[in-house]
$ cat final.cif   # mmCIF, C-alpha atoms
data_model
#
loop_
_atom_site.label_atom_id
_atom_site.label_comp_id
_atom_site.auth_asym_id
_atom_site.auth_seq_id
_atom_site.Cartn_x
_atom_site.Cartn_y
_atom_site.Cartn_z
CA MET A 3 20.26 36.90 95.54
CA ALA A 4 23.06 39.42 95.12
CA GLU A 5 22.81 40.39 98.77
CA SER A 6 23.11 36.77 99.87
CA ILE A 7 26.27 36.44 97.76
CA THR A 8 27.85 39.50 99.37
CA LYS A 9 27.08 38.06 102.82
CA LYS A 10 28.39 34.63 101.86
CA TYR A 11 31.78 36.12 100.99
CA ARG A 12 31.73 38.57 103.94
CA LEU A 13 32.28 41.61 101.77
CA ASP A 14 32.67 44.92 103.58
CA ASP A 15 29.91 47.52 103.39
CA LYS A 16 31.59 49.61 100.67
CA ILE A 17 32.19 46.71 98.28
CA SER A 18 28.76 45.23 99.01
CA ALA A 19 27.13 48.55 98.13
CA LEU A 20 29.03 48.72 94.84
CA VAL A 21 27.97 45.19 93.91
CA LEU A 22 24.33 45.70 94.88
CA ASN A 23 23.96 49.12 93.25
CA SER A 24 25.55 47.87 90.02
CA VAL A 25 23.25 44.85 89.91
CA LYS A 26 20.23 47.05 90.61
CA ARG A 27 21.15 49.39 87.76
CA ILE A 28 21.49 46.53 85.28
CA LEU A 29 18.27 44.86 86.42
CA ALA A 30 16.42 48.19 86.05
CA ILE A 31 17.05 48.30 82.28
CA ASP A 32 13.60 47.93 80.73
CA GLU A 33 13.96 45.45 77.87
CA GLU A 34 10.22 45.53 77.20
CA ASN A 35 10.55 49.24 76.43
CA THR A 36 13.75 48.67 74.44
CA PHE A 37 12.05 46.23 72.08
CA ALA A 38 8.72 48.03 71.76
CA TYR A 39 8.46 49.55 68.28
CA GLN A 40 8.24 53.32 68.49
CA GLU A 41 7.68 56.06 65.96
CA ILE A 42 10.89 57.59 64.60
CA ALA A 43 9.78 61.03 65.83
CA ASP A 44 9.48 59.67 69.36
CA PHE A 45 12.90 58.03 69.16
CA GLU A 46 14.53 61.25 67.94
CA LYS A 47 13.21 63.18 70.96
CA ASN A 48 15.90 61.36 72.97
CA LEU A 49 18.57 61.55 70.29
CA SER A 50 20.64 64.35 71.85
CA LYS A 51 21.22 62.23 74.96
CA ILE A 52 22.07 59.18 72.84
CA GLN A 53 24.58 61.22 70.85
CA GLU A 54 26.18 62.49 74.06
CA MET A 55 26.53 58.94 75.45
CA LYS A 56 28.00 57.71 72.17
CA LYS A 57 30.62 60.43 72.23
CA LEU A 58 31.54 59.56 75.82
CA ALA A 59 31.69 55.82 75.04
CA THR A 60 33.88 56.38 72.00
CA GLU A 61 36.30 58.67 73.80
CA SER A 62 36.47 56.27 76.76
CA PHE A 63 38.01 53.50 74.68
CA ARG A 64 39.95 55.52 72.10
CA PRO A 65 43.13 55.71 74.24
CA PHE A 66 43.26 51.90 74.42
CA ALA A 67 42.78 51.61 70.66
CA ALA A 68 45.66 54.03 70.11
CA ARG A 69 47.94 52.43 72.72
CA TYR A 70 47.45 48.87 71.50
CA HIS A 71 47.02 49.69 67.80
CA THR A 72 43.66 47.99 67.55
CA SER A 73 40.05 48.78 66.75
CA LEU A 74 37.71 50.59 69.13
CA CYS A 75 35.65 47.41 69.33
CA ALA A 76 38.64 45.29 70.39
CA SER A 77 39.92 48.03 72.70
CA MET A 78 36.99 47.46 75.08
CA GLY A 79 38.59 44.17 76.09
CA PHE A 80 41.65 45.79 77.69
CA PRO A 81 39.95 47.58 80.63
CA MET A 82 37.68 44.58 81.05
CA MET A 83 40.65 42.19 81.34
CA SER A 84 42.38 44.60 83.71
CA ALA A 85 39.33 44.51 85.98
CA ILE A 86 39.35 40.70 85.88
CA THR A 87 43.02 40.66 86.88
CA ASP A 88 42.34 43.11 89.71
CA SER A 89 39.46 40.94 90.93
CA LYS A 90 41.80 37.97 91.27
CA THR A 91 44.34 40.05 93.19
CA ALA A 92 41.62 41.32 95.52
CA GLY A 93 40.17 37.85 96.09
CA MET A 94 36.91 38.83 94.36
CA TYR A 95 37.05 36.46 91.39
CA GLU A 96 34.70 33.88 92.93
CA VAL A 97 32.25 36.63 93.92
CA PHE A 98 31.90 37.79 90.32
CA HIS A 99 31.61 34.21 89.14
CA GLU A 100 28.42 33.96 91.20
CA VAL A 101 27.04 37.47 90.67
CA PHE A 102 27.38 37.10 86.90
CA GLY A 103 24.73 34.41 87.13
CA ILE A 104 22.28 37.23 87.90
CA THR A 105 23.44 39.59 85.17
CA ASN A 106 23.61 36.74 82.66
CA ALA A 107 19.99 35.91 83.51
CA LYS A 108 19.12 39.56 82.85
CA ALA A 109 20.86 39.33 79.47
CA LYS A 110 18.83 36.18 78.75
CA ARG A 111 15.62 38.12 79.42
CA PHE A 112 16.97 40.88 77.17
CA GLY A 113 17.53 38.35 74.38
CA LEU A 114 14.10 36.81 74.91
CA ALA A 115 12.45 40.23 74.57
CA ALA A 116 14.45 40.71 71.37
CA LEU A 117 13.20 37.41 69.98
CA TYR A 118 9.56 38.22 70.70
CA SER A 119 10.10 41.64 69.11
CA ALA A 120 11.63 40.01 66.03
CA THR A 121 8.54 37.86 65.52
CA ARG A 122 6.54 41.08 65.13
CA GLY A 123 9.07 42.69 62.80
CA GLU A 124 10.17 42.56 59.19
CA LYS A 125 12.59 39.68 58.73
CA THR A 126 15.23 38.76 56.19
CA ASP A 127 14.54 35.90 53.81
CA ILE A 128 15.15 32.34 54.94
CA PRO A 129 18.79 31.48 54.13
CA ASN A 130 19.11 29.43 50.95
CA GLU A 131 22.68 28.28 50.67
CA ASP A 132 22.50 25.16 48.50
CA GLY A 133 20.52 23.32 51.16
CA ILE A 134 23.19 23.76 53.83
CA TYR A 135 21.12 25.78 56.28
CA ASN A 136 19.47 23.76 59.07
CA ILE A 137 16.20 25.47 60.04
CA VAL A 138 15.83 23.47 63.27
CA PHE A 139 19.28 24.17 64.67
CA ASP A 140 19.34 27.66 63.06
CA ARG A 141 22.83 26.71 61.97
CA ASP A 142 25.20 27.34 59.06
CA SER A 143 24.09 30.93 58.56
CA PRO A 144 24.44 33.85 60.99
CA TRP A 145 21.79 35.82 59.14
CA THR A 146 18.46 34.89 60.67
CA TYR A 147 16.16 36.82 62.98
CA ARG A 148 16.77 34.22 65.71
CA ASN A 149 20.53 34.61 65.51
CA GLU A 150 20.11 38.38 65.54
CA ALA A 151 18.28 38.14 68.88
CA GLU A 152 21.01 35.82 70.23
CA HIS A 153 23.65 38.35 69.20
CA MET A 154 21.83 41.10 71.11
CA GLU A 155 21.76 38.85 74.16
CA GLU A 156 25.44 38.00 73.80
CA TYR A 157 26.56 41.61 73.56
CA ALA A 158 24.26 42.66 76.40
CA ARG A 159 25.91 39.98 78.55
CA TYR A 160 29.40 41.22 77.66
CA HIS A 161 28.48 44.82 78.43
CA PHE A 162 26.50 44.14 81.63
CA ASN A 163 29.31 42.05 83.09
CA SER A 164 32.04 44.46 81.97
CA TYR A 165 30.19 47.33 83.64
CA LEU A 166 29.65 45.40 86.87
CA ILE A 167 33.21 44.20 87.37
CA SER A 168 34.67 47.56 86.33
CA GLU A 169 32.37 49.46 88.70
CA VAL A 170 33.34 47.33 91.69
CA MET A 171 37.06 47.18 90.88
CA LYS A 172 37.59 50.79 89.76
CA LYS A 173 40.35 52.73 91.47
CA THR A 174 39.63 55.60 93.84
CA ASN A 175 38.67 58.81 91.98
CA SER A 176 38.54 56.97 88.66
CA THR A 177 35.58 56.49 86.34
CA ASN A 178 33.97 53.37 84.96
CA LEU A 179 34.59 53.38 81.22
CA PHE A 180 31.52 51.20 80.69
CA ASP A 181 29.17 53.71 82.35
CA PRO A 182 28.13 55.38 79.04
CA VAL A 183 27.67 51.92 77.54
CA ILE A 184 25.07 51.08 80.18
CA SER A 185 23.54 54.54 79.72
CA LEU A 186 22.91 53.69 76.07
CA TYR A 187 21.11 50.50 77.11
CA GLU A 188 19.10 52.56 79.59
CA ASN A 189 18.14 54.83 76.69
CA GLY A 190 16.81 52.06 74.49
CA ALA A 191 19.79 50.64 72.60
CA ALA A 192 19.07 47.08 71.45
CA ASP A 193 22.68 46.50 70.41
CA PHE A 194 25.98 48.40 70.74
CA ILE A 195 28.57 47.80 68.00
CA PHE A 196 31.65 49.64 66.75
CA MET A 197 31.59 49.37 62.94
CA GLN A 198 34.15 50.11 60.25
CA THR A 199 32.51 52.48 57.77
CA ARG A 200 33.45 54.12 54.49
CA LYS A 201 31.94 57.32 53.15
CA ASP A 202 33.26 59.62 50.42
CA GLY A 203 36.50 57.65 50.38
CA ILE A 204 37.06 58.08 54.13
CA THR A 205 37.27 54.97 56.34
CA GLU A 206 36.24 55.52 59.94
CA GLU A 207 35.17 53.40 62.89
CA LYS A 208 31.82 54.56 64.25
CA LEU A 209 29.73 53.51 67.19
CA CYS A 210 26.42 52.13 65.97
CA THR A 211 23.35 51.40 68.08
CA LEU A 212 20.26 49.54 66.95
CA HIS A 213 16.72 50.61 67.85
CA THR A 214 13.34 49.06 67.08
CA VAL A 215 11.12 51.52 65.19
CA LYS A 216 7.68 51.53 63.58
CA THR A 217 7.63 52.87 60.02
CA SER A 218 5.69 52.77 56.77
CA ARG A 219 8.07 49.94 55.81
CA GLY A 220 6.96 47.91 58.82
CA ASN A 221 8.57 47.18 62.17
CA VAL A 222 12.30 47.37 61.51
CA ILE A 223 15.66 47.90 63.20
CA GLY A 224 16.79 51.50 63.02
CA VAL A 225 20.55 51.88 62.58
CA HIS A 226 21.95 55.01 64.22
CA MET A 227 25.56 56.00 63.60
CA ALA A 228 27.50 58.26 65.97
CA GLY A 229 27.33 61.82 64.69
CA ASP A 230 24.03 61.43 62.82
CA ASP A 231 21.51 64.11 63.82
CA ARG A 232 18.56 61.89 62.83
CA LEU A 233 17.74 58.25 62.23
CA GLN A 234 18.66 57.70 58.57
CA TYR A 235 19.06 53.95 58.09
CA TYR A 236 17.35 50.66 58.85
CA ARG A 237 17.62 46.90 58.42
CA LYS A 238 15.23 44.00 58.59
CA TRP A 239 15.76 41.52 61.41
CA GLY A 240 18.56 39.12 60.57
CA GLU A 241 19.96 40.99 57.59
CA PRO A 242 23.74 41.37 57.26
CA TYR A 243 25.11 44.46 58.98
CA SER A 244 26.37 45.71 55.62
CA ARG A 245 22.85 45.74 54.18
CA ILE A 246 21.45 49.05 55.38
CA ARG A 247 18.78 51.09 53.63
CA SER A 248 17.89 54.77 53.89
CA PHE A 249 14.43 55.68 55.08
CA ASP A 250 14.04 58.22 52.27
CA GLY A 251 14.67 55.56 49.63
CA THR A 252 17.87 57.11 48.28
CA ALA A 253 21.12 55.18 47.88
CA THR A 254 23.12 55.03 51.09
CA LYS A 255 26.40 56.92 50.84
CA ILE A 256 27.90 55.23 53.88
CA LYS A 257 28.99 51.59 53.67
CA ILE A 258 29.66 49.22 56.54
CA ILE A 259 32.82 47.35 55.60
CA GLY A 260 33.59 45.39 58.77
CA ILE A 261 33.33 44.94 62.51
CA ALA A 262 35.24 42.83 65.04
CA ASP A 263 32.54 40.17 65.06
CA GLN A 264 32.40 36.63 63.78
CA ARG A 265 29.00 37.23 62.21
CA PHE A 266 30.13 39.94 59.79
CA ILE A 267 30.34 38.83 56.17
CA PRO A 268 30.89 41.69 53.68
CA ASP A 269 28.95 41.76 50.46
#
$ encode --input "final.cif" --output "C-alpha cells"
Amino acid sequence: MAESITKKYRLDDKISALVLNSVKRILAIDEENTFAYQEIADFEKNLSKIQEMKKLATESFRPFAARYHTSLCASMGFPMMSAITDSKTAGMYEVFHEVFGITNAKAKRFGLAALYSATRGEKTDIPNEDGIYNIVFDRDSPWTYRNEAEHMEEYARYHFNSYLISEVMKKTNSTNLFDPVISLYENGAADFIFMQTRKDGITEEKLCTLHTVKTSRGNVIGVHMAGDDRLQYYRKWGEPYSRIRSFDGTATKIKIIGIADQRFIPD
C-alpha cells in the first residue's frame, strides 16, 4: 500500500525509500510481544538498552523545552509541527495524509493488543461517581482499563506519525529526534509519557514507560522511570497515573504530580 502511494505521487527514489523504510520499521513493532506479560527478571535483562533510549529521547527534546519554556512532553510538538510545515513546502502534505492511514491502522492494532492484554490483567475498580459513569459508552471517567488501552493507541499513533514525517522531512546530516522514541516501542514500551514527579522535595520531569509484567500480584503494568536501575513500581490497568505502588510493598517516595495529558487527575 505504501509503495502504491509513492508511485501515485511520483516520488523520487530517495524519498520513496525513506517513506517505505519508515513504514516498514513501524509495522515491524511486535505488539503481541509488547503486551505479553513477562517476568520482571526477563524485563530487566533489557533494561540497560531502555535506559539508554530514554536518555537519548529526553535529551532530544530538552532544547525545545528550554527554548519555548514548556514541559518536555509539550516540547515534542515543536519538531513535529516543523516537519508538517516542511511537508507542505515540499508538496508532501497529501502524501503523508494517505500514508498515515497505514500507520494509524498499525496504532489501532497496537491498541487492540493492549485491550486484549488488559482483559487478562488486574484492573481498577469500576468507576462509581454518583451514578454518572456510563458503562456502555465508557464515558465520564478516564480511569477504566478500556480507556487505558485507547490512550496507548492514541500515543502510539502520535509517535508513529511523528517519527515517519520527521524521518522523511529531516534535513541532510541531521537526526530524527523521534528515533529513540520508536526504539523504546521496539523494546517493549506499551506507553511513553513525560511525567512531572516529586521526590524528597525535588520536582522533576521524568520519562516514564509502561510495561506489562507478570508478578505475584497478578498481571500488572510496570511503571519504569528514567534513571531507575530496576522496575520498582506498578499500577493496575485503568488506575490513575498518580496511583503507583512499589513491588516491595513499601511506601513510594516518588509522587506523580502531573503530566501534559487530559486524563491526569491528581489525588
$ closest_residue --input "final.cif" --among "A:Glu156, A:Asp181, A:Asp44, A:Asp88" --to "Thr105 in chain A" --atoms "all atoms listed in the file"
A:Glu156
$ atom_distance --input "final.cif" --atom1 "CA of Pro65 in chain A" --atom2 "CA of Ile184 in chain A"
19.6 Å
$ closest_residue --input "final.cif" --among "A:Gly240, A:Lys201, A:Tyr160, A:Ala4" --to "Thr146 in chain A" --atoms "all atoms listed in the file"
A:Gly240
$ closest_residue --input "final.cif" --among "A:Phe98, A:Phe194, A:Phe80, A:Tyr135" --to "Glu169 in chain A" --atoms "all atoms listed in the file"
A:Phe98
$ resolve_selection --input "final.cif" --expression "the PyMOL selection byres ((chain A and resi 199) around 10)" --output "number ranges by chain"
A: 196-198, 200-201, 203-209, 227, 244, 256-261
$ resolve_selection --input "final.cif" --expression "the PyMOL selection byres ((chain A and resi 231) around 9)" --output "count of residues only"
10
$ residues_around --input "final.cif" --residues "range 13-18 of chain A" --least-positions-apart "4" --cutoff "10 Å" --atoms "only C-alpha atoms" --output "JSON, numbers by chain"
{"A": [4, 5, 7, 8, 9, 22, 23, 24, 94, 97, 169, 170, 171]}
$ atom_distance --input "final.cif" --atom1 "CA of Ala116 in chain A" --atom2 "CA of Pro81 in chain A"
28.0 Å
$ resolve_selection --input "final.cif" --expression "the PyMOL selection byres ((chain A and resi 119) around 10)" --output "number ranges by chain"
A: 34, 36-39, 113-118, 120-124, 147, 151, 214, 221-222, 239
$ closest_residue --input "final.cif" --among "A:Ser164, A:Thr60, A:Glu54, A:Ile28" --to "Gly79 in chain A" --atoms "all atoms listed in the file"
A:Ser164
$ atom_distance --input "final.cif" --atom1 "CA of Pro129 in chain A" --atom2 "CA of Ile246 in chain A"
17.8 Å
$ decode --input "final.cif" --residues "range 143-177 of chain A" --atoms "N, CA and C atoms" --output "PDB file, in the first residue's frame"
ATOM      1  N   SER A 143     -15.526   9.019  32.853  1.00  0.00           N
ATOM      2  CA  SER A 143     -14.366   8.730  33.685  1.00  0.00           C
ATOM      3  C   SER A 143     -13.238   8.265  32.774  1.00  0.00           C
ATOM      4  N   PRO A 144     -12.030   8.844  32.927  1.00  0.00           N
ATOM      5  CA  PRO A 144     -10.916   8.374  32.107  1.00  0.00           C
ATOM      6  C   PRO A 144     -10.279   7.121  32.677  1.00  0.00           C
ATOM      7  N   TRP A 145     -10.684   6.727  33.878  1.00  0.00           N
ATOM      8  CA  TRP A 145      -9.958   5.683  34.589  1.00  0.00           C
ATOM      9  C   TRP A 145     -10.653   4.339  34.485  1.00  0.00           C
ATOM     10  N   THR A 146     -10.555   3.737  33.303  1.00  0.00           N
ATOM     11  CA  THR A 146     -11.026   2.376  33.098  1.00  0.00           C
ATOM     12  C   THR A 146      -9.969   1.646  32.269  1.00  0.00           C
ATOM     13  N   TYR A 147      -9.982   0.331  32.326  1.00  0.00           N
ATOM     14  CA  TYR A 147      -8.996  -0.420  31.550  1.00  0.00           C
ATOM     15  C   TYR A 147      -9.198  -0.203  30.050  1.00  0.00           C
ATOM     16  N   ARG A 148     -10.429   0.040  29.612  1.00  0.00           N
ATOM     17  CA  ARG A 148     -10.684   0.260  28.193  1.00  0.00           C
ATOM     18  C   ARG A 148     -10.117   1.607  27.741  1.00  0.00           C
ATOM     19  N   ASN A 149     -10.283   2.616  28.577  1.00  0.00           N
ATOM     20  CA  ASN A 149      -9.717   3.921  28.231  1.00  0.00           C
ATOM     21  C   ASN A 149      -8.193   3.904  28.293  1.00  0.00           C
ATOM     22  N   GLU A 150      -7.654   3.089  29.179  1.00  0.00           N
ATOM     23  CA  GLU A 150      -6.192   2.945  29.242  1.00  0.00           C
ATOM     24  C   GLU A 150      -5.663   2.425  27.900  1.00  0.00           C
ATOM     25  N   ALA A 151      -6.310   1.386  27.369  1.00  0.00           N
ATOM     26  CA  ALA A 151      -5.893   0.817  26.083  1.00  0.00           C
ATOM     27  C   ALA A 151      -6.035   1.846  24.966  1.00  0.00           C
ATOM     28  N   GLU A 152      -7.098   2.648  25.005  1.00  0.00           N
ATOM     29  CA  GLU A 152      -7.292   3.690  23.988  1.00  0.00           C
ATOM     30  C   GLU A 152      -6.187   4.740  24.071  1.00  0.00           C
ATOM     31  N   HIS A 153      -5.758   5.051  25.298  1.00  0.00           N
ATOM     32  CA  HIS A 153      -4.688   6.024  25.469  1.00  0.00           C
ATOM     33  C   HIS A 153      -3.391   5.497  24.874  1.00  0.00           C
ATOM     34  N   MET A 154      -3.108   4.219  25.072  1.00  0.00           N
ATOM     35  CA  MET A 154      -1.902   3.620  24.496  1.00  0.00           C
ATOM     36  C   MET A 154      -1.949   3.686  22.972  1.00  0.00           C
ATOM     37  N   GLU A 155      -3.121   3.440  22.412  1.00  0.00           N
ATOM     38  CA  GLU A 155      -3.284   3.548  20.965  1.00  0.00           C
ATOM     39  C   GLU A 155      -3.072   4.986  20.493  1.00  0.00           C
ATOM     40  N   GLU A 156      -3.654   5.927  21.210  1.00  0.00           N
ATOM     41  CA  GLU A 156      -3.555   7.333  20.832  1.00  0.00           C
ATOM     42  C   GLU A 156      -2.108   7.808  20.827  1.00  0.00           C
ATOM     43  N   TYR A 157      -1.371   7.483  21.881  1.00  0.00           N
ATOM     44  CA  TYR A 157       0.017   7.929  21.956  1.00  0.00           C
ATOM     45  C   TYR A 157       0.886   7.200  20.944  1.00  0.00           C
ATOM     46  N   ALA A 158       0.597   5.916  20.698  1.00  0.00           N
ATOM     47  CA  ALA A 158       1.341   5.199  19.660  1.00  0.00           C
ATOM     48  C   ALA A 158       1.130   5.879  18.310  1.00  0.00           C
ATOM     49  N   ARG A 159      -0.099   6.292  18.022  1.00  0.00           N
ATOM     50  CA  ARG A 159      -0.388   6.975  16.764  1.00  0.00           C
ATOM     51  C   ARG A 159       0.400   8.278  16.657  1.00  0.00           C
ATOM     52  N   TYR A 160       0.404   9.069  17.723  1.00  0.00           N
ATOM     53  CA  TYR A 160       1.168  10.318  17.714  1.00  0.00           C
ATOM     54  C   TYR A 160       2.639  10.043  17.403  1.00  0.00           C
ATOM     55  N   HIS A 161       3.192   9.047  18.106  1.00  0.00           N
ATOM     56  CA  HIS A 161       4.626   8.799  17.998  1.00  0.00           C
ATOM     57  C   HIS A 161       4.998   8.144  16.672  1.00  0.00           C
ATOM     58  N   PHE A 162       4.179   7.220  16.183  1.00  0.00           N
ATOM     59  CA  PHE A 162       4.452   6.596  14.880  1.00  0.00           C
ATOM     60  C   PHE A 162       4.453   7.658  13.781  1.00  0.00           C
ATOM     61  N   ASN A 163       3.431   8.499  13.781  1.00  0.00           N
ATOM     62  CA  ASN A 163       3.308   9.514  12.725  1.00  0.00           C
ATOM     63  C   ASN A 163       4.387  10.583  12.833  1.00  0.00           C
ATOM     64  N   SER A 164       4.731  10.962  14.067  1.00  0.00           N
ATOM     65  CA  SER A 164       5.793  11.957  14.257  1.00  0.00           C
ATOM     66  C   SER A 164       7.122  11.422  13.758  1.00  0.00           C
ATOM     67  N   TYR A 165       7.389  10.141  14.037  1.00  0.00           N
ATOM     68  CA  TYR A 165       8.633   9.535  13.544  1.00  0.00           C
ATOM     69  C   TYR A 165       8.655   9.510  12.022  1.00  0.00           C
ATOM     70  N   LEU A 166       7.570   9.072  11.422  1.00  0.00           N
ATOM     71  CA  LEU A 166       7.518   8.929   9.965  1.00  0.00           C
ATOM     72  C   LEU A 166       7.736  10.255   9.257  1.00  0.00           C
ATOM     73  N   ILE A 167       6.989  11.274   9.627  1.00  0.00           N
ATOM     74  CA  ILE A 167       7.109  12.553   8.919  1.00  0.00           C
ATOM     75  C   ILE A 167       8.452  13.212   9.190  1.00  0.00           C
ATOM     76  N   SER A 168       8.990  13.016  10.390  1.00  0.00           N
ATOM     77  CA  SER A 168      10.297  13.602  10.721  1.00  0.00           C
ATOM     78  C   SER A 168      11.418  12.885   9.997  1.00  0.00           C
ATOM     79  N   GLU A 169      11.279  11.572   9.806  1.00  0.00           N
ATOM     80  CA  GLU A 169      12.312  10.808   9.105  1.00  0.00           C
ATOM     81  C   GLU A 169      12.373  11.209   7.638  1.00  0.00           C
ATOM     82  N   VAL A 170      11.239  11.388   7.013  1.00  0.00           N
ATOM     83  CA  VAL A 170      11.207  11.741   5.590  1.00  0.00           C
ATOM     84  C   VAL A 170      11.627  13.192   5.368  1.00  0.00           C
ATOM     85  N   MET A 171      11.247  14.084   6.286  1.00  0.00           N
ATOM     86  CA  MET A 171      11.492  15.508   6.079  1.00  0.00           C
ATOM     87  C   MET A 171      12.768  16.016   6.754  1.00  0.00           C
ATOM     88  N   LYS A 172      13.543  15.136   7.385  1.00  0.00           N
ATOM     89  CA  LYS A 172      14.740  15.617   8.089  1.00  0.00           C
ATOM     90  C   LYS A 172      15.751  16.195   7.103  1.00  0.00           C
ATOM     91  N   LYS A 173      16.484  17.199   7.596  1.00  0.00           N
ATOM     92  CA  LYS A 173      17.487  17.857   6.774  1.00  0.00           C
ATOM     93  C   LYS A 173      18.704  16.951   6.589  1.00  0.00           C
ATOM     94  N   THR A 174      19.487  17.228   5.572  1.00  0.00           N
ATOM     95  CA  THR A 174      20.702  16.464   5.313  1.00  0.00           C
ATOM     96  C   THR A 174      21.639  16.527   6.515  1.00  0.00           C
ATOM     97  N   ASN A 175      22.181  15.390   6.894  1.00  0.00           N
ATOM     98  CA  ASN A 175      23.120  15.260   8.020  1.00  0.00           C
ATOM     99  C   ASN A 175      22.494  15.570   9.375  1.00  0.00           C
ATOM    100  N   SER A 176      21.176  15.567   9.439  1.00  0.00           N
ATOM    101  CA  SER A 176      20.513  15.769  10.724  1.00  0.00           C
ATOM    102  C   SER A 176      19.942  14.438  11.198  1.00  0.00           C
ATOM    103  N   THR A 177      19.512  14.402  12.455  1.00  0.00           N
ATOM    104  CA  THR A 177      18.961  13.178  13.030  1.00  0.00           C
ATOM    105  C   THR A 177      17.458  13.343  13.262  1.00  0.00           C
TER     106      THR A 177
END
